[in-house]
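Trainee: My file is run.pdb. It has PDB, C-alpha atoms:
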ATOM      1  CA  MET P1271      -2.126  35.312  12.539  1.00  0.00           C
ATOM      2  CA  LEU P1272      -3.886  32.025  13.284  1.00  0.00           C
ATOM      3  CA  VAL P1273      -7.431  31.747  12.001  1.00  0.00           C
ATOM      4  CA  PRO P1274     -10.346  30.723  14.272  1.00  0.00           C
ATOM      5  CA  PHE P1275     -10.595  26.975  14.615  1.00  0.00           C
ATOM      6  CA  ALA P1276     -13.205  25.081  12.622  1.00  0.00           C
ATOM      7  CA  LEU P1277     -13.695  21.327  12.700  1.00  0.00           C
ATOM      8  CA  SER P1278     -12.880  19.676   9.394  1.00  0.00           C
ATOM      9  CA  GLN P1279     -13.932  16.237  10.630  1.00  0.00           C
ATOM     10  CA  LYS P1280     -17.346  15.042  11.699  1.00  0.00           C
ATOM     11  CA  LEU P1281     -16.860  13.169  14.940  1.00  0.00           C
ATOM     12  CA  PRO P1282     -19.117  10.359  16.145  1.00  0.00           C
ATOM     13  CA  ASP P1283     -21.820  11.405  18.601  1.00  0.00           C
ATOM     14  CA  LEU P1284     -20.594  10.394  22.060  1.00  0.00           C
ATOM     15  CA  TYR P1285     -24.091   9.257  23.030  1.00  0.00           C
ATOM     16  CA  LYS P1286     -25.748   7.922  19.894  1.00  0.00           C
ATOM     17  CA  ASP P1287     -22.618   6.420  18.327  1.00  0.00           C
ATOM     18  CA  GLU P1288     -21.040   4.902  21.449  1.00  0.00           C
ATOM     19  CA  SER P1289     -19.909   1.351  20.757  1.00  0.00           C
ATOM     20  CA  HIS P1290     -17.802  -1.403  22.291  1.00  0.00           C
ATOM     21  CA  GLY P1291     -16.526  -4.737  21.043  1.00  0.00           C
ATOM     22  CA  ASP P1292     -14.644  -5.285  17.812  1.00  0.00           C
ATOM     23  CA  PRO P1293     -12.370  -2.509  16.481  1.00  0.00           C
ATOM     24  CA  PRO P1294     -13.745  -0.035  13.916  1.00  0.00           C
ATOM     25  CA  PHE P1295     -11.564  -1.164  10.999  1.00  0.00           C
ATOM     26  CA  LEU P1296     -13.496  -4.449  10.838  1.00  0.00           C
ATOM     27  CA  SER P1297     -16.812  -2.801   9.985  1.00  0.00           C
ATOM     28  CA  GLN P1298     -16.146   0.743   8.761  1.00  0.00           C
ATOM     29  CA  PRO P1299     -14.873   1.682   5.280  1.00  0.00           C
ATOM     30  CA  GLY P1300     -11.634   3.475   4.491  1.00  0.00           C
ATOM     31  CA  TRP P1301      -9.298   1.892   7.031  1.00  0.00           C
ATOM     32  CA  ARG P1302      -5.951   0.411   6.023  1.00  0.00           C
ATOM     33  CA  SER P1303      -3.227  -1.283   8.034  1.00  0.00           C
ATOM     34  CA  LEU P1304       0.223   0.208   8.575  1.00  0.00           C
ATOM     35  CA  LEU P1305       1.605  -3.259   9.367  1.00  0.00           C
ATOM     36  CA  ASN P1306       1.895  -5.844   6.583  1.00  0.00           C
ATOM     37  CA  GLY P1307       1.776  -8.902   8.850  1.00  0.00           C
ATOM     38  CA  VAL P1308       5.235 -10.096   7.795  1.00  0.00           C
ATOM     39  CA  ASP P1309       8.020  -7.563   8.340  1.00  0.00           C
ATOM     40  CA  LEU P1310       8.741  -3.893   9.049  1.00  0.00           C
ATOM     41  CA  THR P1311       8.495  -2.652   5.472  1.00  0.00           C
ATOM     42  CA  GLY P1312       7.213   0.924   5.601  1.00  0.00           C
ATOM     43  CA  TRP P1313       8.908   1.665   8.935  1.00  0.00           C
ATOM     44  CA  HIS P1314      12.409   2.802   9.928  1.00  0.00           C
ATOM     45  CA  SER P1315      14.231   4.123  12.988  1.00  0.00           C
ATOM     46  CA  VAL P1316      13.909   7.825  13.673  1.00  0.00           C
ATOM     47  CA  ASP P1317      17.501   8.535  12.581  1.00  0.00           C
ATOM     48  CA  GLY P1318      17.864   5.710  10.056  1.00  0.00           C
ATOM     49  CA  SER P1319      20.262   3.768  12.289  1.00  0.00           C
ATOM     50  CA  ALA P1320      20.036   0.109  13.309  1.00  0.00           C
ATOM     51  CA  HIS P1321      17.262  -0.695  15.788  1.00  0.00           C
ATOM     52  CA  GLN P1322      15.866  -3.657  17.708  1.00  0.00           C
ATOM     53  CA  TRP P1323      12.191  -3.550  16.713  1.00  0.00           C
ATOM     54  CA  PHE P1324      10.942  -6.846  15.268  1.00  0.00           C
ATOM     55  CA  THR P1325       7.756  -8.508  14.081  1.00  0.00           C
ATOM     56  CA  THR P1326       6.344 -11.508  15.924  1.00  0.00           C
ATOM     57  CA  ARG P1327       3.317 -13.795  16.046  1.00  0.00           C
ATOM     58  CA  SER P1328       2.833 -13.711  19.819  1.00  0.00           C
ATOM     59  CA  VAL P1329       3.579 -11.489  22.811  1.00  0.00           C
ATOM     60  CA  VAL P1330       3.151 -12.612  26.432  1.00  0.00           C
ATOM     61  CA  TRP P1331       3.718 -11.100  29.876  1.00  0.00           C
ATOM     62  CA  LYS P1332       4.712 -13.107  32.948  1.00  0.00           C
ATOM     63  CA  ARG P1333       3.389 -11.489  36.124  1.00  0.00           C
ATOM     64  CA  VAL P1334       5.469 -13.470  38.645  1.00  0.00           C
ATOM     65  CA  PHE P1335       8.722 -14.311  36.890  1.00  0.00           C
ATOM     66  CA  ASN P1336       9.306 -11.436  34.450  1.00  0.00           C
ATOM     67  CA  PRO P1337       6.928  -8.541  35.145  1.00  0.00           C
ATOM     68  CA  ILE P1338       9.087  -5.750  33.712  1.00  0.00           C
ATOM     69  CA  HIS P1339       9.568  -7.448  30.340  1.00  0.00           C
ATOM     70  CA  LEU P1340       7.477  -8.760  27.471  1.00  0.00           C
ATOM     71  CA  VAL P1341       8.317 -12.099  25.915  1.00  0.00           C
ATOM     72  CA  ALA P1342       8.297 -12.433  22.118  1.00  0.00           C
ATOM     73  CA  LYS P1343      10.334 -14.161  19.423  1.00  0.00           C
ATOM     74  CA  PRO P1344      11.510 -12.366  16.275  1.00  0.00           C
ATOM     75  CA  GLU P1345       9.679 -13.942  13.330  1.00  0.00           C
ATOM     76  CA  PRO P1346       7.254 -12.917  10.599  1.00  0.00           C
ATOM     77  CA  GLY P1347       4.043 -11.812  12.265  1.00  0.00           C
ATOM     78  CA  ASP P1348       1.297  -9.252  12.620  1.00  0.00           C
ATOM     79  CA  ARG P1349       2.562  -7.518  15.770  1.00  0.00           C
ATOM     80  CA  ILE P1350       5.751  -5.659  16.640  1.00  0.00           C
ATOM     81  CA  ALA P1351       7.881  -5.316  19.782  1.00  0.00           C
ATOM     82  CA  ASN P1352      10.677  -2.902  20.682  1.00  0.00           C
ATOM     83  CA  GLY P1353      13.440  -5.434  21.268  1.00  0.00           C
ATOM     84  CA  ARG P1354      14.171  -7.770  24.145  1.00  0.00           C
ATOM     85  CA  ASP P1355      14.843  -5.009  26.700  1.00  0.00           C
ATOM     86  CA  GLY P1356      12.525  -2.241  25.508  1.00  0.00           C
ATOM     87  CA  LYS P1357      15.346   0.227  24.890  1.00  0.00           C
ATOM     88  CA  THR P1358      15.702   1.016  21.224  1.00  0.00           C
ATOM     89  CA  ALA P1359      15.230   3.826  18.735  1.00  0.00           C
ATOM     90  CA  ASN P1360      11.811   5.272  18.022  1.00  0.00           C
ATOM     91  CA  LEU P1361      10.074   3.779  14.975  1.00  0.00           C
ATOM     92  CA  VAL P1362       8.731   5.999  12.193  1.00  0.00           C
ATOM     93  CA  THR P1363       6.497   5.439   9.179  1.00  0.00           C
ATOM     94  CA  THR P1364       7.970   6.108   5.763  1.00  0.00           C
ATOM     95  CA  GLU P1365       4.604   7.471   4.655  1.00  0.00           C
ATOM     96  CA  ARG P1366       3.386  10.916   5.674  1.00  0.00           C
ATOM     97  CA  PHE P1367      -0.187  11.762   6.599  1.00  0.00           C
ATOM     98  CA  GLY P1368      -2.355  14.851   6.896  1.00  0.00           C
ATOM     99  CA  SER P1369      -5.491  14.750   9.052  1.00  0.00           C
ATOM    100  CA  PHE P1370      -6.512  11.250  10.025  1.00  0.00           C
ATOM    101  CA  GLU P1371      -8.244   8.806  12.320  1.00  0.00           C
ATOM    102  CA  LEU P1372      -5.867   6.301  13.920  1.00  0.00           C
ATOM    103  CA  TYR P1373      -6.521   3.055  15.769  1.00  0.00           C
ATOM    104  CA  VAL P1374      -3.691   1.342  17.652  1.00  0.00           C
ATOM    105  CA  GLU P1375      -3.540  -1.626  20.011  1.00  0.00           C
ATOM    106  CA  PHE P1376      -0.650  -1.907  22.491  1.00  0.00           C
ATOM    107  CA  MET P1377       0.623  -4.024  25.373  1.00  0.00           C
ATOM    108  CA  LEU P1378       2.884  -2.870  28.200  1.00  0.00           C
ATOM    109  CA  ALA P1379       5.083  -4.551  30.784  1.00  0.00           C
ATOM    110  CA  ARG P1380       4.780  -3.356  34.377  1.00  0.00           C
ATOM    111  CA  GLY P1381       5.930   0.251  34.768  1.00  0.00           C
ATOM    112  CA  SER P1382       6.530   0.687  31.058  1.00  0.00           C
ATOM    113  CA  ASN P1383       6.140   3.857  29.043  1.00  0.00           C
ATOM    114  CA  SER P1384       5.709   4.649  25.341  1.00  0.00           C
ATOM    115  CA  GLY P1385       3.785   7.001  23.113  1.00  0.00           C
ATOM    116  CA  VAL P1386       2.227   7.582  19.717  1.00  0.00           C
ATOM    117  CA  TYR P1387       3.556  10.743  18.071  1.00  0.00           C
ATOM    118  CA  LEU P1388       1.035  12.170  15.626  1.00  0.00           C
ATOM    119  CA  HIS P1389       2.975  13.743  12.745  1.00  0.00           C
ATOM    120  CA  GLY P1390       6.060  12.619  14.689  1.00  0.00           C
ATOM    121  CA  LEU P1391       5.563  15.748  16.801  1.00  0.00           C
ATOM    122  CA  TYR P1392       2.548  15.553  19.120  1.00  0.00           C
ATOM    123  CA  GLU P1393       2.527  12.724  21.658  1.00  0.00           C
ATOM    124  CA  VAL P1394      -0.432  10.765  22.939  1.00  0.00           C
ATOM    125  CA  GLN P1395       1.040   9.124  26.006  1.00  0.00           C
ATOM    126  CA  ILE P1396       1.148   5.378  26.680  1.00  0.00           C
ATOM    127  CA  PHE P1397       1.943   4.477  30.288  1.00  0.00           C
ATOM    128  CA  ASP P1398       1.246   1.779  32.859  1.00  0.00           C
ATOM    129  CA  SER P1399      -1.300   3.875  34.789  1.00  0.00           C
ATOM    130  CA  GLN P1400      -3.542   0.975  35.834  1.00  0.00           C
ATOM    131  CA  GLY P1401      -4.458   1.018  39.520  1.00  0.00           C
ATOM    132  CA  TYR P1402      -3.415   4.632  40.122  1.00  0.00           C
ATOM    133  CA  SER P1403      -6.147   6.579  41.975  1.00  0.00           C
ATOM    134  CA  GLY P1404      -4.536  10.005  42.404  1.00  0.00           C
ATOM    135  CA  PRO P1405      -4.812  13.115  40.220  1.00  0.00           C
ATOM    136  CA  LEU P1406      -4.006  12.318  36.610  1.00  0.00           C
ATOM    137  CA  THR P1407      -1.244  14.140  34.737  1.00  0.00           C
ATOM    138  CA  VAL P1408      -0.076  14.571  31.159  1.00  0.00           C
ATOM    139  CA  GLY P1409       2.201  11.577  31.773  1.00  0.00           C
ATOM    140  CA  ASP P1410      -0.668   9.160  32.387  1.00  0.00           C
ATOM    141  CA  CYS P1411      -2.013   6.861  29.706  1.00  0.00           C
ATOM    142  CA  GLY P1412      -4.122   8.744  27.197  1.00  0.00           C
ATOM    143  CA  GLY P1413      -2.604  12.110  28.099  1.00  0.00           C
ATOM    144  CA  ILE P1414      -1.469  14.678  25.535  1.00  0.00           C
ATOM    145  CA  TYR P1415       2.109  15.369  26.588  1.00  0.00           C
ATOM    146  CA  GLN P1416       3.573  18.769  27.418  1.00  0.00           C
ATOM    147  CA  GLN P1417       5.732  20.931  25.156  1.00  0.00           C
ATOM    148  CA  ASP P1418       9.507  21.318  25.410  1.00  0.00           C
ATOM    149  CA  ASP P1419       9.192  24.321  27.737  1.00  0.00           C
ATOM    150  CA  GLY P1420       6.985  22.361  30.175  1.00  0.00           C
ATOM    151  CA  THR P1421       3.774  24.131  29.224  1.00  0.00           C
ATOM    152  CA  GLY P1422       0.627  22.769  27.641  1.00  0.00           C
ATOM    153  CA  GLY P1423      -0.512  19.182  27.599  1.00  0.00           C
ATOM    154  CA  SER P1424      -3.782  17.633  28.699  1.00  0.00           C
ATOM    155  CA  PRO P1425      -4.240  14.868  31.298  1.00  0.00           C
ATOM    156  CA  PRO P1426      -6.718  12.115  30.421  1.00  0.00           C
ATOM    157  CA  ALA P1427     -10.212  12.776  31.740  1.00  0.00           C
ATOM    158  CA  VAL P1428     -10.314   9.398  33.516  1.00  0.00           C
ATOM    159  CA  ASN P1429      -7.957   6.499  34.167  1.00  0.00           C
ATOM    160  CA  ALA P1430      -9.105   3.887  31.647  1.00  0.00           C
ATOM    161  CA  SER P1431      -5.891   1.846  31.683  1.00  0.00           C
ATOM    162  CA  ARG P1432      -5.858  -1.937  31.796  1.00  0.00           C
ATOM    163  CA  PRO P1433      -3.271  -4.066  33.637  1.00  0.00           C
ATOM    164  CA  PRO P1434       0.139  -4.918  32.185  1.00  0.00           C
ATOM    165  CA  GLY P1435       0.042  -7.863  29.806  1.00  0.00           C
ATOM    166  CA  GLU P1436      -3.408  -7.015  28.425  1.00  0.00           C
ATOM    167  CA  TRP P1437      -3.957  -5.603  24.962  1.00  0.00           C
ATOM    168  CA  GLN P1438      -5.254  -2.023  25.092  1.00  0.00           C
ATOM    169  CA  SER P1439      -6.436   0.375  22.411  1.00  0.00           C
ATOM    170  CA  LEU P1440      -6.124   4.022  21.432  1.00  0.00           C
ATOM    171  CA  HIS P1441      -8.589   5.492  18.951  1.00  0.00           C
ATOM    172  CA  ILE P1442      -7.476   8.984  17.911  1.00  0.00           C
ATOM    173  CA  TRP P1443      -8.968  11.691  15.695  1.00  0.00           C
ATOM    174  CA  PHE P1444      -6.307  14.182  14.588  1.00  0.00           C
ATOM    175  CA  GLN P1445      -6.480  17.426  12.633  1.00  0.00           C
ATOM    176  CA  ALA P1446      -3.212  18.517  11.024  1.00  0.00           C
ATOM    177  CA  PRO P1447      -1.943  22.087  11.305  1.00  0.00           C
ATOM    178  CA  ARG P1448      -2.815  24.335   8.384  1.00  0.00           C
ATOM    179  CA  PHE P1449      -0.591  26.591   6.322  1.00  0.00           C
ATOM    180  CA  ASP P1450      -1.150  29.319   3.753  1.00  0.00           C
ATOM    181  CA  ALA P1451       0.414  29.445   0.290  1.00  0.00           C
ATOM    182  CA  ALA P1452       3.526  31.099   1.713  1.00  0.00           C
ATOM    183  CA  GLY P1453       4.010  28.296   4.241  1.00  0.00           C
ATOM    184  CA  LYS P1454       2.913  30.326   7.274  1.00  0.00           C
ATOM    185  CA  LYS P1455       0.916  28.365   9.838  1.00  0.00           C
ATOM    186  CA  THR P1456      -2.683  29.517   9.985  1.00  0.00           C
ATOM    187  CA  ALA P1457      -4.109  26.917  12.413  1.00  0.00           C
ATOM    188  CA  ASN P1458      -2.511  24.750  15.073  1.00  0.00           C
ATOM    189  CA  ALA P1459      -2.714  20.980  15.168  1.00  0.00           C
ATOM    190  CA  ARG P1460      -5.553  19.525  17.218  1.00  0.00           C
ATOM    191  CA  VAL P1461      -6.191  16.195  18.841  1.00  0.00           C
ATOM    192  CA  LEU P1462      -9.921  16.184  18.273  1.00  0.00           C
ATOM    193  CA  ARG P1463     -10.705  13.128  20.361  1.00  0.00           C
ATOM    194  CA  VAL P1464      -9.044  10.171  22.065  1.00  0.00           C
ATOM    195  CA  LEU P1465     -10.683   6.980  23.254  1.00  0.00           C
ATOM    196  CA  LEU P1466      -8.567   4.779  25.520  1.00  0.00           C
ATOM    197  CA  ASN P1467     -10.030   1.275  25.704  1.00  0.00           C
ATOM    198  CA  ASP P1468     -13.305   2.688  24.318  1.00  0.00           C
ATOM    199  CA  THR P1469     -13.396   5.306  27.090  1.00  0.00           C
ATOM    200  CA  HIS P1470     -13.486   9.005  26.195  1.00  0.00           C
ATOM    201  CA  VAL P1471     -10.335  10.641  27.633  1.00  0.00           C
ATOM    202  CA  GLN P1472      -9.603  13.680  25.383  1.00  0.00           C
ATOM    203  CA  GLU P1473     -11.718  16.143  23.416  1.00  0.00           C
ATOM    204  CA  ASN P1474     -10.639  18.998  21.133  1.00  0.00           C
ATOM    205  CA  VAL P1475      -7.149  19.669  22.470  1.00  0.00           C
ATOM    206  CA  GLU P1476      -5.163  22.324  20.617  1.00  0.00           C
ATOM    207  CA  VAL P1477      -1.443  21.530  20.326  1.00  0.00           C
ATOM    208  CA  PRO P1478       0.322  24.803  19.469  1.00  0.00           C
ATOM    209  CA  ALA P1479       3.833  23.325  19.338  1.00  0.00           C
ATOM    210  CA  PRO P1480       5.571  19.933  19.317  1.00  0.00           C
ATOM    211  CA  THR P1481       5.716  17.963  22.568  1.00  0.00           C
ATOM    212  CA  VAL P1482       8.769  16.616  24.414  1.00  0.00           C
ATOM    213  CA  SER P1483      10.996  14.137  22.518  1.00  0.00           C
ATOM    214  CA  HIS P1484       9.429  14.962  19.154  1.00  0.00           C
ATOM    215  CA  MET P1485      11.142  14.331  15.837  1.00  0.00           C
ATOM    216  CA  SER P1486      13.553  16.958  14.539  1.00  0.00           C
ATOM    217  CA  ILE P1487      11.280  17.997  11.691  1.00  0.00           C
ATOM    218  CA  PRO P1488       9.197  21.130  11.155  1.00  0.00           C
ATOM    219  CA  GLU P1489       5.449  21.234  11.538  1.00  0.00           C
ATOM    220  CA  ALA P1490       3.817  20.583   8.172  1.00  0.00           C
ATOM    221  CA  ALA P1491       0.511  19.712   6.547  1.00  0.00           C
ATOM    222  CA  ALA P1492       1.670  16.084   6.307  1.00  0.00           C
ATOM    223  CA  ASN P1493       4.176  14.199   8.461  1.00  0.00           C
ATOM    224  CA  PRO P1494       4.861  10.627   9.636  1.00  0.00           C
ATOM    225  CA  ILE P1495       3.695   8.711  12.695  1.00  0.00           C
ATOM    226  CA  MET P1496       6.268   7.731  15.318  1.00  0.00           C
ATOM    227  CA  LEU P1497       6.139   5.034  18.015  1.00  0.00           C
ATOM    228  CA  GLN P1498       8.320   5.606  21.072  1.00  0.00           C
ATOM    229  CA  GLY P1499      10.701   2.713  21.682  1.00  0.00           C
ATOM    230  CA  ASP P1500      13.245   3.781  24.306  1.00  0.00           C
ATOM    231  CA  HIS P1501      11.167   3.986  27.524  1.00  0.00           C
ATOM    232  CA  GLY P1502      10.451   0.326  28.298  1.00  0.00           C
ATOM    233  CA  PRO P1503       8.945  -2.817  26.774  1.00  0.00           C
ATOM    234  CA  VAL P1504       5.933  -2.256  24.529  1.00  0.00           C
ATOM    235  CA  ALA P1505       4.253  -4.187  21.727  1.00  0.00           C
ATOM    236  CA  PHE P1506       1.825  -2.991  19.066  1.00  0.00           C
ATOM    237  CA  ARG P1507      -0.654  -4.680  16.752  1.00  0.00           C
ATOM    238  CA  ASN P1508      -3.622  -3.630  14.603  1.00  0.00           C
ATOM    239  CA  ILE P1509      -2.280  -0.199  13.620  1.00  0.00           C
ATOM    240  CA  TYR P1510      -4.910   1.142  11.240  1.00  0.00           C
ATOM    241  CA  ILE P1511      -5.424   4.580   9.717  1.00  0.00           C
ATOM    242  CA  ARG P1512      -7.921   6.373   7.519  1.00  0.00           C
ATOM    243  CA  ASN P1513      -7.616   9.823   6.069  1.00  0.00           C
ATOM    244  CA  ARG P1514     -10.083  12.478   7.176  1.00  0.00           C
TER     245      ARG P1514
END
Please rewrite the model in this file as structure tokens.

Mentor:
Amino acid sequence: MLVPFALSQKLPDLYKDESHGDPPFLSQPGWRSLLNGVDLTGWHSVDGSAHQWFTTRSVVWKRVFNPIHLVAKPEPGDRIANGRDGKTANLVTTERFGSFELYVEFMLARGSNSGVYLHGLYEVQIFDSQGYSGPLTVGDCGGIYQQDDGTGGSPPAVNASRPPGEWQSLHIWFQAPRFDAAGKKTANARVLRVLLNDTHVQENVEVPAPTVSHMSIPEAAANPIMLQGDHGPVAFRNIYIRNR
């Protein structure tokens, strides 16, 4: 039997603590980078096979001549890209994490699609939603994706996406599922809050089961983070985490 939910993290006040500008890891204690600024040490493909992810010093997008691709050169650098064509294996941290606060910056080509899988199991969607004015779905940027059976998920509250070729940010508060001494789950995972480009798009979303395209691992108190790499060109930089 799952126990009633109780917040284990104190979240910032949406009114009094609202802020814009530089990212939180520059001024707040406890943050550490998951990228070393040189290579992909600490990361591997989801199945351990060869992949096309690489580090780079610069990523650009060409609106007229190459809108469905990102342009970057493999070299030591502080940002990563998912190959020349945006079709490669998902990338996974070697380290495992419990409950955490995560900050990620990303860039998309036109029409591209990716995601950040918390614990490798629960996806916060990344998608080129900029300019769309219709009803938002779980597949829009900042959405919590649906489960394998098509149920669940949570669309973003608003469309806060920026255009292709611009750096964007996700700031996520995540509470890991809980288990008793016998290994039985006593509380589901929760995405406590998501800010997309400093705009509040998710609040206190229970995730009772893994979402589509999750890793083939069981739910646990600690698991890795996965970046989706097979749905189109995407680049990441400034991936920072702090335990909660």

Trainee: Here's the selection I'm unsure about, the PyMOL selection byres ((chain P and resi 1508) around 8); applied to the file above, which residues does it give, as a PyMOL selection string?

Mentor: chain P and resi 1303+1305+1348-1349+1373-1375+1506-1507+1509-1510

Trainee: What lies within 7 Å of segment 1381-1394 of chain P using all atoms listed in the file, ignoring chain neighbours under 5 positions off, as a PDB file with C-alpha atoms, in the frame of the given file?

Mentor:
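And here's result_35.pdb as it stands now:
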ATOM      1  CA  ILE P1338       9.087  -5.750  33.712  1.00  0.00           C
ATOM      2  CA  GLY P1412      -4.122   8.744  27.197  1.00  0.00           C
ATOM      3  CA  GLY P1413      -2.604  12.110  28.099  1.00  0.00           C
ATOM      4  CA  ILE P1414      -1.469  14.678  25.535  1.00  0.00           C
ATOM      5  CA  TYR P1415       2.109  15.369  26.588  1.00  0.00           C
ATOM      6  CA  PRO P1480       5.571  19.933  19.317  1.00  0.00           C
ATOM      7  CA  THR P1481       5.716  17.963  22.568  1.00  0.00           C
ATOM      8  CA  HIS P1484       9.429  14.962  19.154  1.00  0.00           C
ATOM      9  CA  MET P1485      11.142  14.331  15.837  1.00  0.00           C
ATOM     10  CA  ALA P1492       1.670  16.084   6.307  1.00  0.00           C
ATOM     11  CA  ASN P1493       4.176  14.199   8.461  1.00  0.00           C
ATOM     12  CA  PRO P1494       4.861  10.627   9.636  1.00  0.00           C
ATOM     13  CA  ILE P1495       3.695   8.711  12.695  1.00  0.00           C
ATOM     14  CA  MET P1496       6.268   7.731  15.318  1.00  0.00           C
ATOM     15  CA  LEU P1497       6.139   5.034  18.015  1.00  0.00           C
ATOM     16  CA  GLN P1498       8.320   5.606  21.072  1.00  0.00           C
ATOM     17  CA  GLY P1499      10.701   2.713  21.682  1.00  0.00           C
ATOM     18  CA  HIS P1501      11.167   3.986  27.524  1.00  0.00           C
ATOM     19  CA  GLY P1502      10.451   0.326  28.298  1.00  0.00           C
ATOM     20  CA  PRO P1503       8.945  -2.817  26.774  1.00  0.00           C
ATOM     21  CA  VAL P1504       5.933  -2.256  24.529  1.00  0.00           C
TER      22      VAL P1504
END

Trainee: Quick one: of P:Leu1296, P:Val1408, P:Ala1459, P:Val1329, who's nearest to Leu1378 of chain P, counting all atoms listed in the file?

Mentor: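 Closest residue, counting all atoms listed in the file: P:Val1329.
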
Trainee: As a check of understanding, name the residues that the PyMOL selection byres ((chain P and resi 1438) around 6) selects in the supplied structure, as a PyMOL selection string.

Mentor: chain P and resi 1375-1376+1437+1439+1467

Trainee: At a cut-off of 12 Å around the point (-1.8, 10.6, 2.6) (file coordinates), what residues fall inside when counting all atoms listed in the file? I'd like the answer as a VMD selection string.

Mentor: chain P and resid 1302 1363 to 1371 1389 1446 1491 to 1495 1511 to 1514

Trainee: Quick one: apply the PyMOL selection byres ((chain P and resi 1344) around 10) to the file and drop the selected residues here as a VMD selection string.

Mentor: chain P and resid 1309 1322 to 1328 1342 to 1343 1345 to 1347 1350 to 1351 1353 to 1354

Trainee: In the coordinate frame of the file, compute which residues have an atom within 8 Å of (6.2, 25.7, 9.1) when using only C-alpha atoms, and state them as a VMD selection string.

Mentor: chain P and resid 1449 1453 to 1455 1488 to 1490

Trainee: Atom CA of Thr1469 of chain P and atom CA of Ser1297 of chain P, how far apart in Å?

Mentor: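 Separation between atom CA of Ser1297 of chain P and atom CA of Thr1469 of chain P: 19.2 Å.
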
Trainee: From the structure block, carefully write segment 1297-1314 of chain P out with N, CA and C atoms; format it as a tab-separated table (two decimals), in the first residue's frame.

Mentor:
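The file below, selection_36.tsv, is the result:
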chain	number	residue	atom	x	y	z
P	1297	SER	N	25.00	31.02	-8.12
P	1297	SER	CA	24.87	31.77	-6.87
P	1297	SER	C	24.41	30.93	-5.68
P	1298	GLN	N	23.92	29.73	-5.92
P	1298	GLN	CA	23.39	28.90	-4.84
P	1298	GLN	C	24.36	27.77	-4.52
P	1299	PRO	N	24.46	27.39	-3.25
P	1299	PRO	CA	25.40	26.32	-2.86
P	1299	PRO	C	24.88	24.94	-3.23
P	1300	GLY	N	25.80	23.98	-3.32
P	1300	GLY	CA	25.44	22.58	-3.45
P	1300	GLY	C	25.36	22.05	-4.86
P	1301	TRP	N	25.43	22.91	-5.86
P	1301	TRP	CA	25.34	22.45	-7.25
P	1301	TRP	C	26.68	21.88	-7.72
P	1302	ARG	N	26.62	20.89	-8.59
P	1302	ARG	CA	27.82	20.39	-9.24
P	1302	ARG	C	27.49	19.99	-10.67
P	1303	SER	N	28.47	20.12	-11.55
P	1303	SER	CA	28.26	19.85	-12.97
P	1303	SER	C	28.36	18.37	-13.27
P	1304	LEU	N	27.55	17.90	-14.21
P	1304	LEU	CA	27.64	16.53	-14.70
P	1304	LEU	C	28.44	16.46	-16.00
P	1305	LEU	N	28.92	17.60	-16.47
P	1305	LEU	CA	29.83	17.65	-17.62
P	1305	LEU	C	31.17	18.18	-17.15
P	1306	ASN	N	32.27	17.58	-17.61
P	1306	ASN	CA	33.59	18.00	-17.12
P	1306	ASN	C	34.26	19.05	-18.00
P	1307	GLY	N	33.60	19.46	-19.09
P	1307	GLY	CA	34.14	20.50	-19.94
P	1307	GLY	C	35.18	20.04	-20.93
P	1308	VAL	N	35.43	18.72	-20.97
P	1308	VAL	CA	36.48	18.18	-21.84
P	1308	VAL	C	35.98	17.01	-22.69
P	1309	ASP	N	35.40	16.00	-22.00
P	1309	ASP	CA	34.99	14.79	-22.71
P	1309	ASP	C	33.74	14.22	-22.05
P	1310	LEU	N	33.37	13.01	-22.43
P	1310	LEU	CA	32.12	12.41	-21.95
P	1310	LEU	C	32.34	11.43	-20.80
P	1311	THR	N	33.43	11.60	-20.06
P	1311	THR	CA	33.64	10.80	-18.86
P	1311	THR	C	32.43	10.93	-17.93
P	1312	GLY	N	31.95	9.81	-17.44
P	1312	GLY	CA	30.77	9.83	-16.56
P	1312	GLY	C	29.46	9.60	-17.30
P	1313	TRP	N	29.55	9.40	-18.62
P	1313	TRP	CA	28.37	9.14	-19.45
P	1313	TRP	C	28.64	7.94	-20.36
P	1314	HIS	N	27.59	7.23	-20.74
P	1314	HIS	CA	27.71	6.12	-21.67
P	1314	HIS	C	26.37	5.94	-22.38
